[in-house]
Amino acid sequence: MRYTTAGKILVVDDEPLNVEVFSRLMLRLGYEVLTASNGELALESVAAGHPDLILLDVNMPSGGIDGFEVCRRLKSDPKTRLIPIVLITGLTAMEDRIKGIEAGADDFLAKPPVIAELEARVRSLTRLKRYTDELDSAESVILSLGLTIEARDPYTQGHCQRLAKYATALGTRLGLDDDQLVALHRGGFLHDVGKVAIPDAVLLKPGRLTPAEYVLMQQHTVIGFNLCKELRSLDDVRPIVRHHHERPDGTGYPDQLKGEAIPLLARILSVVDVYDALTTKRPYKPAMTSPQALETLREEARKGWRFESLVEEFISLATEEGFGGPTPVDASITPPLQLWRK
Ligand SMILES: [Fe+2]
């Protein structure tokens with residue numbers, strides 16, 4: 001990540017004199033400066049130059065799209081929505097301010113701006129952007145860790161991707177909202193992140209675990225939960241990491257939660273996790289066929305280990321979609337680190 005300057009500012013204005021004045025001010029403050037003279041050029045400059053903040057003129061009567069529309073487009077694109085945008089406007093009417101807020105602007109400055117105010121806002125918003133970038137990279141590290149754990153165990157190859165796919169498909173079927181679906185996708189990769197602390201001798205043991213080893217293995221839920229604790233962007237994922245081995249009858253781990261006390265996303269991931277484990281070959285057991293695994297899920301629901309309604313939904317889904325177990329891995333699945341940028 002580059003921070004050789006205080007940051008990179010894009011100045012957008014159709015008036016060359018304004019561009020000149022803002023650019024000089026920003027350069028004086030130690031920022032690198034990009035400029036654009038209309039809305040279309042501004043969007044191109046964002047895509048090519050990745051600015052840390054945009055000073056955006058609202059009225060650009062020379063044609064094309066205005067500042068509100070530029071703002072709206074950037075804020076609706078996951079790749080650019082975290083770039084702070086300050087609308088610079090001669091407009092003081094309340095309705096224009098409301099329009100700016102609706103377009104997703106982070107701040108406003110009246111034209112001509114008070115220099116001290118402009119400097120203070122730019123500094124504070126670029127600082128905020130830097131924190132966001134750092135958070136983003138911390139999250140990427142955790143997500144990569146999920147894939148690293150999978151890589152330690154050749155028998156689980158593709159497990160994370162399949163789980164992300166199955167869980168989001170089931171979540172979509174249940175009518176969950178976008179945030180919940182993103183959490184399920186992330187949960188597919190992160191649910192077992194705590195296994196990073198489980199020794200190879202236990203994690204990769206080619207036979208059944210002893211009771212002591214099983215207790216140690218169970219700790220992966222709590223360890224993973226603690227690993228994700230500091231990341232607010234993983235707020236919705238943390239319950240999945242901690243509770244994906246709970247059972248409706250209270251015989252699961254680590255907290256022996258019962259029934260509805262188990263978070264919904266954890267219940268969903270638990271069903272697809274078991275399905276994938278059953279349809280995967282292990283050193284000590286062959287892979288079940290998809291129909292055998294689905295029937296086993298049904299039996300486990302009868303025992304009180306799974307939620308019956310979720311199992312039945314998953315059976316309908318798997319039957320309709322033709323889920324067939326671990327091979328081949330679906331190559332069309334979006335690479336996680338791109339999809340997860342919110
Ligand atoms: Fe697990």
# chains A, B, ... in the order shown; residues from 1 in each chain; ligands from 1
>>> residues_around(residues="segment 284-292 of chain A", least_positions_apart="4", cutoff="9 Å", atoms="only C-alpha atoms", output="MDAnalysis selection string")
chainID A and resid 206:208 275 277:280 296:297 315 318:319 322:325
>>> write_last_selection(atoms="all heavy atoms", output="compact mmCIF listing (two decimals), in the first residue's frame")
# COMPACT_ATOMS: atom_id res chain seq x y z
N PRO A 206 -4.74 -39.49 10.51
CA PRO A 206 -5.46 -40.33 9.55
C PRO A 206 -6.43 -41.32 10.20
O PRO A 206 -6.88 -42.24 9.56
CB PRO A 206 -4.32 -41.07 8.83
CG PRO A 206 -3.20 -41.08 9.78
CD PRO A 206 -3.36 -39.90 10.70
N GLY A 207 -6.75 -41.16 11.44
CA GLY A 207 -7.73 -42.04 12.09
C GLY A 207 -8.64 -41.22 12.98
O GLY A 207 -8.57 -39.99 12.96
N ARG A 208 -9.49 -41.89 13.75
CA ARG A 208 -10.39 -41.14 14.62
C ARG A 208 -9.60 -40.52 15.77
O ARG A 208 -8.58 -41.05 16.20
CB ARG A 208 -11.48 -42.06 15.15
CG ARG A 208 -12.36 -42.61 14.04
CD ARG A 208 -13.80 -42.80 14.45
NE ARG A 208 -14.59 -43.20 13.28
CZ ARG A 208 -15.26 -42.35 12.52
NH1 ARG A 208 -15.25 -41.06 12.79
NH2 ARG A 208 -15.94 -42.78 11.48
N TYR A 275 -22.80 -31.66 5.17
CA TYR A 275 -23.02 -32.25 3.85
C TYR A 275 -21.68 -32.40 3.12
O TYR A 275 -21.38 -33.46 2.55
CB TYR A 275 -23.97 -31.38 3.03
CG TYR A 275 -24.10 -31.81 1.59
CD1 TYR A 275 -24.88 -32.91 1.23
CD2 TYR A 275 -23.42 -31.13 0.59
CE1 TYR A 275 -24.99 -33.30 -0.08
CE2 TYR A 275 -23.52 -31.53 -0.73
CZ TYR A 275 -24.31 -32.61 -1.07
OH TYR A 275 -24.42 -33.01 -2.38
N ALA A 277 -18.65 -32.48 4.39
CA ALA A 277 -17.79 -33.47 5.07
C ALA A 277 -18.21 -34.89 4.68
O ALA A 277 -17.36 -35.74 4.41
CB ALA A 277 -17.88 -33.27 6.58
N LEU A 278 -19.52 -35.13 4.62
CA LEU A 278 -20.01 -36.48 4.29
C LEU A 278 -19.67 -36.87 2.85
O LEU A 278 -19.38 -38.03 2.56
CB LEU A 278 -21.53 -36.56 4.50
CG LEU A 278 -22.03 -36.45 5.94
CD1 LEU A 278 -23.56 -36.35 5.96
CD2 LEU A 278 -21.56 -37.65 6.78
N THR A 279 -19.69 -35.89 1.95
CA THR A 279 -19.44 -36.21 0.54
C THR A 279 -17.96 -36.10 0.17
O THR A 279 -17.60 -36.15 -1.00
CB THR A 279 -20.27 -35.29 -0.39
OG1 THR A 279 -20.05 -33.93 -0.01
CG2 THR A 279 -21.75 -35.61 -0.33
N THR A 280 -17.10 -35.91 1.20
CA THR A 280 -15.65 -35.83 0.95
C THR A 280 -14.98 -37.10 1.47
O THR A 280 -15.26 -37.55 2.58
CB THR A 280 -15.05 -34.61 1.70
OG1 THR A 280 -15.73 -33.44 1.29
CG2 THR A 280 -13.57 -34.47 1.39
N THR A 296 -28.51 -38.93 5.33
CA THR A 296 -27.85 -38.88 6.64
C THR A 296 -28.21 -37.58 7.36
O THR A 296 -28.45 -37.57 8.58
CB THR A 296 -26.31 -38.98 6.46
OG1 THR A 296 -26.03 -40.18 5.75
CG2 THR A 296 -25.59 -39.00 7.80
N LEU A 297 -28.24 -36.47 6.61
CA LEU A 297 -28.64 -35.19 7.22
C LEU A 297 -30.04 -35.29 7.81
O LEU A 297 -30.33 -34.79 8.89
CB LEU A 297 -28.61 -34.08 6.17
CG LEU A 297 -27.28 -33.38 5.90
CD1 LEU A 297 -27.43 -32.39 4.75
CD2 LEU A 297 -26.78 -32.65 7.14
N ILE A 315 -32.11 -30.08 1.08
CA ILE A 315 -32.33 -31.26 0.24
C ILE A 315 -33.01 -30.84 -1.07
O ILE A 315 -32.60 -31.26 -2.16
CB ILE A 315 -33.16 -32.32 1.00
CG1 ILE A 315 -32.29 -32.93 2.11
CG2 ILE A 315 -33.67 -33.42 0.04
CD1 ILE A 315 -33.01 -33.89 3.03
N ALA A 318 -30.30 -28.97 -3.13
CA ALA A 318 -29.25 -29.86 -3.66
C ALA A 318 -29.81 -30.73 -4.78
O ALA A 318 -29.13 -31.02 -5.77
CB ALA A 318 -28.69 -30.73 -2.53
N THR A 319 -31.07 -31.15 -4.62
CA THR A 319 -31.69 -31.99 -5.64
C THR A 319 -31.92 -31.19 -6.92
O THR A 319 -31.59 -31.65 -8.02
CB THR A 319 -33.03 -32.55 -5.11
OG1 THR A 319 -32.80 -33.12 -3.82
CG2 THR A 319 -33.59 -33.62 -6.02
N GLY A 322 -28.42 -30.13 -8.31
CA GLY A 322 -27.53 -31.24 -8.62
C GLY A 322 -26.18 -31.14 -7.94
O GLY A 322 -25.15 -31.46 -8.52
N PHE A 323 -26.18 -30.69 -6.65
CA PHE A 323 -24.91 -30.66 -5.92
C PHE A 323 -24.38 -32.09 -5.85
O PHE A 323 -25.06 -32.99 -5.42
CB PHE A 323 -25.10 -30.16 -4.49
CG PHE A 323 -25.44 -28.70 -4.39
CD1 PHE A 323 -25.97 -28.19 -3.23
CD2 PHE A 323 -25.21 -27.84 -5.46
CE1 PHE A 323 -26.28 -26.85 -3.12
CE2 PHE A 323 -25.52 -26.49 -5.36
CZ PHE A 323 -26.07 -26.00 -4.18
N GLY A 324 -23.12 -32.24 -6.24
CA GLY A 324 -22.62 -33.61 -6.28
C GLY A 324 -21.44 -33.88 -5.41
O GLY A 324 -20.76 -34.86 -5.59
N GLY A 325 -21.12 -33.02 -4.45
CA GLY A 325 -19.96 -33.28 -3.62
C GLY A 325 -18.72 -32.58 -4.12
O GLY A 325 -18.81 -31.66 -4.92
>>> closest_atom_pairs(of="chain A", to="ligand 1", cutoff="7 Å", atoms="only C-alpha atoms and all ligand atoms", output="Markdown table")
| residue | atom | partner | partner_atom_place_in_ligand_line | distance |
| --- | --- | --- | --- | --- |
| A:His191 | CA | ligand 1 | 1 (Fe) | 6.0 |
| A:Asp192 | CA | ligand 1 | 1 (Fe) | 4.7 |
| A:His220 | CA | ligand 1 | 1 (Fe) | 6.8 |
| A:Thr221 | CA | ligand 1 | 1 (Fe) | 6.5 |
| A:His244 | CA | ligand 1 | 1 (Fe) | 6.4 |
| A:His245 | CA | ligand 1 | 1 (Fe) | 6.4 |
>>> write_last_selection(atoms="all heavy atoms", output="compact mmCIF listing (two decimals), in the first residue's frame")
# COMPACT_ATOMS: atom_id res chain seq x y z
N HIS A 191 -15.00 -20.16 8.62
CA HIS A 191 -15.59 -20.88 9.76
C HIS A 191 -14.55 -21.69 10.54
O HIS A 191 -14.64 -21.81 11.75
CB HIS A 191 -16.73 -21.79 9.28
CG HIS A 191 -16.28 -22.90 8.39
ND1 HIS A 191 -15.80 -22.69 7.12
CD2 HIS A 191 -16.21 -24.24 8.58
CE1 HIS A 191 -15.46 -23.85 6.58
NE2 HIS A 191 -15.71 -24.79 7.44
N ASP A 192 -13.55 -22.24 9.84
CA ASP A 192 -12.56 -23.07 10.53
C ASP A 192 -11.22 -22.36 10.71
O ASP A 192 -10.19 -23.03 10.89
CB ASP A 192 -12.34 -24.37 9.73
CG ASP A 192 -13.40 -25.42 10.06
OD1 ASP A 192 -14.10 -25.26 11.09
OD2 ASP A 192 -13.52 -26.39 9.29
N HIS A 220 -11.17 -25.04 18.03
CA HIS A 220 -11.00 -24.20 16.84
C HIS A 220 -12.11 -23.16 16.72
O HIS A 220 -11.90 -22.09 16.16
CB HIS A 220 -10.88 -25.06 15.56
CG HIS A 220 -12.18 -25.59 15.03
ND1 HIS A 220 -12.74 -26.77 15.45
CD2 HIS A 220 -13.04 -25.11 14.09
CE1 HIS A 220 -13.86 -26.99 14.79
NE2 HIS A 220 -14.07 -25.99 13.95
N THR A 221 -13.27 -23.46 17.28
CA THR A 221 -14.39 -22.51 17.19
C THR A 221 -14.11 -21.24 18.03
O THR A 221 -14.32 -20.12 17.56
CB THR A 221 -15.68 -23.16 17.71
OG1 THR A 221 -15.41 -23.77 18.98
CG2 THR A 221 -16.18 -24.24 16.77
N HIS A 244 -20.77 -22.84 14.55
CA HIS A 244 -21.16 -23.73 13.46
C HIS A 244 -21.14 -25.21 13.84
O HIS A 244 -21.48 -26.06 13.03
CB HIS A 244 -20.31 -23.47 12.20
CG HIS A 244 -18.86 -23.85 12.32
ND1 HIS A 244 -17.91 -23.04 12.90
CD2 HIS A 244 -18.19 -24.95 11.92
CE1 HIS A 244 -16.73 -23.63 12.86
NE2 HIS A 244 -16.87 -24.80 12.27
N HIS A 245 -20.75 -25.52 15.10
CA HIS A 245 -20.84 -26.92 15.55
C HIS A 245 -21.87 -27.10 16.68
O HIS A 245 -21.87 -28.13 17.36
CB HIS A 245 -19.47 -27.43 16.02
CG HIS A 245 -18.50 -27.66 14.89
ND1 HIS A 245 -18.63 -28.71 14.01
CD2 HIS A 245 -17.42 -26.95 14.49
CE1 HIS A 245 -17.64 -28.65 13.12
NE2 HIS A 245 -16.90 -27.59 13.38
>>> select_by_dssp(residues="segment 54-285 of chain A", states="alpha helix (DSSP H)", output="NGL selection string")
:A and (67-75 or 94-103 or 115-152 or 159-173 or 178-190 or 200-203 or 211-218 or 220-227 or 238-243 or 264-278)
>>> residues_around(residues="Pro248 of chain A", least_positions_apart="2", cutoff="7 Å", atoms="only C-alpha atoms", output="PDB file with all heavy atoms, in the first residue's frame")
ATOM      1  N   GLU A 246     -22.692 -26.089  16.898  1.00  0.00           N
ATOM      2  CA  GLU A 246     -23.771 -26.259  17.888  1.00  0.00           C
ATOM      3  C   GLU A 246     -24.860 -27.143  17.276  1.00  0.00           C
ATOM      4  O   GLU A 246     -24.981 -27.245  16.051  1.00  0.00           O
ATOM      5  CB  GLU A 246     -24.381 -24.891  18.256  1.00  0.00           C
ATOM      6  CG  GLU A 246     -23.387 -23.851  18.743  1.00  0.00           C
ATOM      7  CD  GLU A 246     -22.962 -24.034  20.205  1.00  0.00           C
ATOM      8  OE1 GLU A 246     -23.400 -25.026  20.838  1.00  0.00           O
ATOM      9  OE2 GLU A 246     -22.185 -23.192  20.684  1.00  0.00           O
ATOM     10  N   GLY A 250     -28.686 -29.097  21.882  1.00  0.00           N
ATOM     11  CA  GLY A 250     -27.765 -28.629  22.925  1.00  0.00           C
ATOM     12  C   GLY A 250     -26.549 -29.517  23.133  1.00  0.00           C
ATOM     13  O   GLY A 250     -25.786 -29.309  24.078  1.00  0.00           O
ATOM     14  N   LYS A 258     -28.929 -24.107  22.470  1.00  0.00           N
ATOM     15  CA  LYS A 258     -30.054 -24.965  22.060  1.00  0.00           C
ATOM     16  C   LYS A 258     -30.975 -24.209  21.114  1.00  0.00           C
ATOM     17  O   LYS A 258     -31.177 -22.996  21.276  1.00  0.00           O
ATOM     18  CB  LYS A 258     -30.886 -25.348  23.280  1.00  0.00           C
ATOM     19  CG  LYS A 258     -30.413 -26.590  23.984  1.00  0.00           C
ATOM     20  CD  LYS A 258     -31.431 -26.973  25.054  1.00  0.00           C
ATOM     21  CE  LYS A 258     -30.956 -28.208  25.792  1.00  0.00           C
ATOM     22  NZ  LYS A 258     -31.843 -28.576  26.871  1.00  0.00           N
ATOM     23  N   GLY A 259     -31.573 -24.931  20.178  1.00  0.00           N
ATOM     24  CA  GLY A 259     -32.643 -24.411  19.336  1.00  0.00           C
ATOM     25  C   GLY A 259     -32.374 -23.036  18.754  1.00  0.00           C
ATOM     26  O   GLY A 259     -31.312 -22.764  18.191  1.00  0.00           O
ATOM     27  N   GLY A 304     -32.039 -34.660  16.408  1.00  0.00           N
ATOM     28  CA  GLY A 304     -31.928 -33.368  17.097  1.00  0.00           C
ATOM     29  C   GLY A 304     -30.598 -32.672  16.866  1.00  0.00           C
ATOM     30  O   GLY A 304     -30.249 -31.714  17.549  1.00  0.00           O
ATOM     31  N   TRP A 305     -29.831 -33.161  15.889  1.00  0.00           N
ATOM     32  CA  TRP A 305     -28.513 -32.563  15.639  1.00  0.00           C
ATOM     33  C   TRP A 305     -28.576 -31.433  14.605  1.00  0.00           C
ATOM     34  O   TRP A 305     -27.676 -30.628  14.525  1.00  0.00           O
ATOM     35  CB  TRP A 305     -27.530 -33.630  15.133  1.00  0.00           C
ATOM     36  CG  TRP A 305     -27.184 -34.671  16.152  1.00  0.00           C
ATOM     37  CD1 TRP A 305     -27.658 -34.748  17.433  1.00  0.00           C
ATOM     38  CD2 TRP A 305     -26.294 -35.771  15.966  1.00  0.00           C
ATOM     39  NE1 TRP A 305     -27.125 -35.839  18.069  1.00  0.00           N
ATOM     40  CE2 TRP A 305     -26.280 -36.479  17.195  1.00  0.00           C
ATOM     41  CE3 TRP A 305     -25.518 -36.239  14.918  1.00  0.00           C
ATOM     42  CZ2 TRP A 305     -25.506 -37.626  17.374  1.00  0.00           C
ATOM     43  CZ3 TRP A 305     -24.743 -37.369  15.087  1.00  0.00           C
ATOM     44  CH2 TRP A 305     -24.738 -38.069  16.313  1.00  0.00           C
ATOM     45  N   ARG A 306     -29.573 -31.459  13.767  1.00  0.00           N
ATOM     46  CA  ARG A 306     -29.708 -30.417  12.713  1.00  0.00           C
ATOM     47  C   ARG A 306     -31.133 -29.877  12.759  1.00  0.00           C
ATOM     48  O   ARG A 306     -32.053 -30.557  13.230  1.00  0.00           O
ATOM     49  CB  ARG A 306     -29.491 -30.978  11.298  1.00  0.00           C
ATOM     50  CG  ARG A 306     -28.342 -31.890  11.127  1.00  0.00           C
ATOM     51  CD  ARG A 306     -27.011 -31.190  10.990  1.00  0.00           C
ATOM     52  NE  ARG A 306     -25.967 -32.107  11.421  1.00  0.00           N
ATOM     53  CZ  ARG A 306     -25.005 -31.828  12.274  1.00  0.00           C
ATOM     54  NH1 ARG A 306     -24.928 -30.632  12.803  1.00  0.00           N
ATOM     55  NH2 ARG A 306     -24.111 -32.732  12.634  1.00  0.00           N
ATOM     56  N   PHE A 307     -31.305 -28.703  12.189  1.00  0.00           N
ATOM     57  CA  PHE A 307     -32.647 -28.124  12.098  1.00  0.00           C
ATOM     58  C   PHE A 307     -33.375 -28.750  10.911  1.00  0.00           C
ATOM     59  O   PHE A 307     -32.917 -28.644   9.767  1.00  0.00           O
ATOM     60  CB  PHE A 307     -32.559 -26.605  11.936  1.00  0.00           C
ATOM     61  CG  PHE A 307     -32.188 -25.914  13.214  1.00  0.00           C
ATOM     62  CD1 PHE A 307     -30.852 -25.765  13.566  1.00  0.00           C
ATOM     63  CD2 PHE A 307     -33.159 -25.444  14.080  1.00  0.00           C
ATOM     64  CE1 PHE A 307     -30.505 -25.150  14.747  1.00  0.00           C
ATOM     65  CE2 PHE A 307     -32.818 -24.831  15.277  1.00  0.00           C
ATOM     66  CZ  PHE A 307     -31.483 -24.677  15.614  1.00  0.00           C
TER      67      PHE A 307
END
>>> residues_around(residues="Pro112 of chain A", least_positions_apart="2", cutoff="8 Å", atoms="only C-alpha atoms", output="list in words")
Gly90, Ala110 and Val114 of chain A
>>> closest_residue(among="A:Ser62, A:Thr80, A:Ser233, A:Ser23", to="Ala48 of chain A", atoms="only C-alpha atoms")
A:Thr80
>>> residues_around(residues="Leu310 of chain A", least_positions_apart="5", cutoff="12 Å", atoms="only C-alpha atoms", output="number ranges by chain")
A: 167, 170-171, 173-174, 248, 264-272, 294, 297-298, 300-301, 305, 315-318
>>> atom_distance(atom1="atom CA of Asp177 of chain A", atom2="atom CA of Ile149 of chain A")
28.8 Å
>>> residues_around(residues="segment 120-130 of chain A", least_positions_apart="5", cutoff="7 Å", atoms="only C-alpha atoms", output="VMD selection string")
chain A and resid 7 52 to 53 83 to 84
>>> write_last_selection(atoms="C-alpha atoms", output="mmCIF file, in the first residue's frame")
data_model
loop_
_atom_site.group_PDB
_atom_site.id
_atom_site.type_symbol
_atom_site.label_atom_id
_atom_site.label_comp_id
_atom_site.auth_asym_id
_atom_site.auth_seq_id
_atom_site.Cartn_x
_atom_site.Cartn_y
_atom_site.Cartn_z
ATOM 1 C CA GLY A 7 -2.448 10.667 -0.093
ATOM 2 C CA ASP A 52 -7.866 8.586 -1.546
ATOM 3 C CA LEU A 53 -10.351 11.467 -1.663
ATOM 4 C CA ILE A 83 -13.380 6.688 -1.322
ATOM 5 C CA PRO A 84 -14.481 9.811 0.588
#
>>> decode(residues="segment 228-312 of chain A", atoms="C-alpha atoms", output="short mmCIF file (atom, residue, chain, number, x, y, z; two decimals), in the first residue's frame")
data_model
loop_
_atom_site.label_atom_id
_atom_site.label_comp_id
_atom_site.auth_asym_id
_atom_site.auth_seq_id
_atom_site.Cartn_x
_atom_site.Cartn_y
_atom_site.Cartn_z
CA CYS A 228 -11.96 -12.30 14.22
CA LYS A 229 -12.83 -10.32 17.33
CA GLU A 230 -11.12 -7.05 16.47
CA LEU A 231 -12.52 -6.77 12.95
CA ARG A 232 -15.81 -4.93 12.88
CA SER A 233 -16.30 -5.88 9.24
CA LEU A 234 -16.57 -9.49 10.46
CA ASP A 235 -19.31 -8.74 13.00
CA ASP A 236 -21.82 -10.91 11.13
CA VAL A 237 -19.30 -13.69 10.49
CA ARG A 238 -18.12 -14.15 14.07
CA PRO A 239 -21.26 -16.03 15.24
CA ILE A 240 -20.78 -18.46 12.35
CA VAL A 241 -17.17 -19.10 13.36
CA ARG A 242 -18.09 -19.72 16.99
CA HIS A 243 -21.35 -21.62 16.63
CA HIS A 244 -21.16 -23.73 13.46
CA HIS A 245 -20.84 -26.92 15.55
CA GLU A 246 -23.77 -26.26 17.89
CA ARG A 247 -26.76 -28.61 17.66
CA PRO A 248 -30.47 -27.86 18.19
CA ASP A 249 -30.63 -30.36 21.08
CA GLY A 250 -27.77 -28.63 22.92
CA THR A 251 -25.20 -31.41 22.43
CA GLY A 252 -22.94 -29.35 20.18
CA TYR A 253 -19.99 -27.09 21.04
CA PRO A 254 -18.50 -24.80 22.25
CA ASP A 255 -21.43 -23.24 24.19
CA GLN A 256 -24.05 -26.03 24.06
CA LEU A 257 -26.58 -23.54 22.69
CA LYS A 258 -30.05 -24.97 22.06
CA GLY A 259 -32.64 -24.41 19.34
CA GLU A 260 -33.32 -20.84 18.31
CA ALA A 261 -30.46 -19.59 20.51
CA ILE A 262 -28.11 -20.79 17.78
CA PRO A 263 -27.62 -17.90 15.32
CA LEU A 264 -29.38 -18.49 12.00
CA LEU A 265 -26.27 -18.08 9.84
CA ALA A 266 -24.41 -20.62 11.98
CA ARG A 267 -27.31 -23.09 11.57
CA ILE A 268 -27.15 -22.70 7.80
CA LEU A 269 -23.39 -23.15 7.64
CA SER A 270 -23.60 -26.16 9.91
CA VAL A 271 -25.93 -28.00 7.52
CA VAL A 272 -23.77 -27.39 4.46
CA ASP A 273 -20.56 -28.11 6.41
CA VAL A 274 -21.80 -31.55 7.39
CA TYR A 275 -23.02 -32.25 3.85
CA ASP A 276 -19.60 -31.39 2.43
CA ALA A 277 -17.79 -33.47 5.07
CA LEU A 278 -20.01 -36.48 4.29
CA THR A 279 -19.44 -36.21 0.54
CA THR A 280 -15.65 -35.83 0.95
CA LYS A 281 -13.30 -38.81 1.08
CA ARG A 282 -11.18 -38.96 4.24
CA PRO A 283 -8.30 -41.33 5.10
CA TYR A 284 -10.65 -43.23 7.42
CA LYS A 285 -13.85 -43.17 5.36
CA PRO A 286 -15.00 -43.14 1.74
CA ALA A 287 -17.06 -40.29 0.31
CA MET A 288 -20.84 -40.71 0.44
CA THR A 289 -22.88 -40.03 -2.66
CA SER A 290 -25.02 -36.91 -2.56
CA PRO A 291 -28.31 -38.85 -1.94
CA GLN A 292 -26.67 -40.85 0.89
CA ALA A 293 -25.36 -37.65 2.50
CA LEU A 294 -28.77 -35.95 2.23
CA GLU A 295 -30.45 -38.96 3.84
CA THR A 296 -27.85 -38.88 6.64
CA LEU A 297 -28.64 -35.19 7.22
CA ARG A 298 -32.30 -36.13 7.53
CA GLU A 299 -31.46 -38.81 10.12
CA GLU A 300 -29.33 -36.31 12.05
CA ALA A 301 -32.24 -33.86 12.03
CA ARG A 302 -34.45 -36.58 13.54
CA LYS A 303 -31.83 -37.09 16.28
CA GLY A 304 -31.93 -33.37 17.10
CA TRP A 305 -28.51 -32.56 15.64
CA ARG A 306 -29.71 -30.42 12.71
CA PHE A 307 -32.65 -28.12 12.10
CA GLU A 308 -35.22 -30.14 10.19
CA SER A 309 -36.64 -27.25 8.15
CA LEU A 310 -33.16 -26.17 7.03
CA VAL A 311 -32.22 -29.72 6.12
CA GLU A 312 -35.39 -30.10 4.03
#
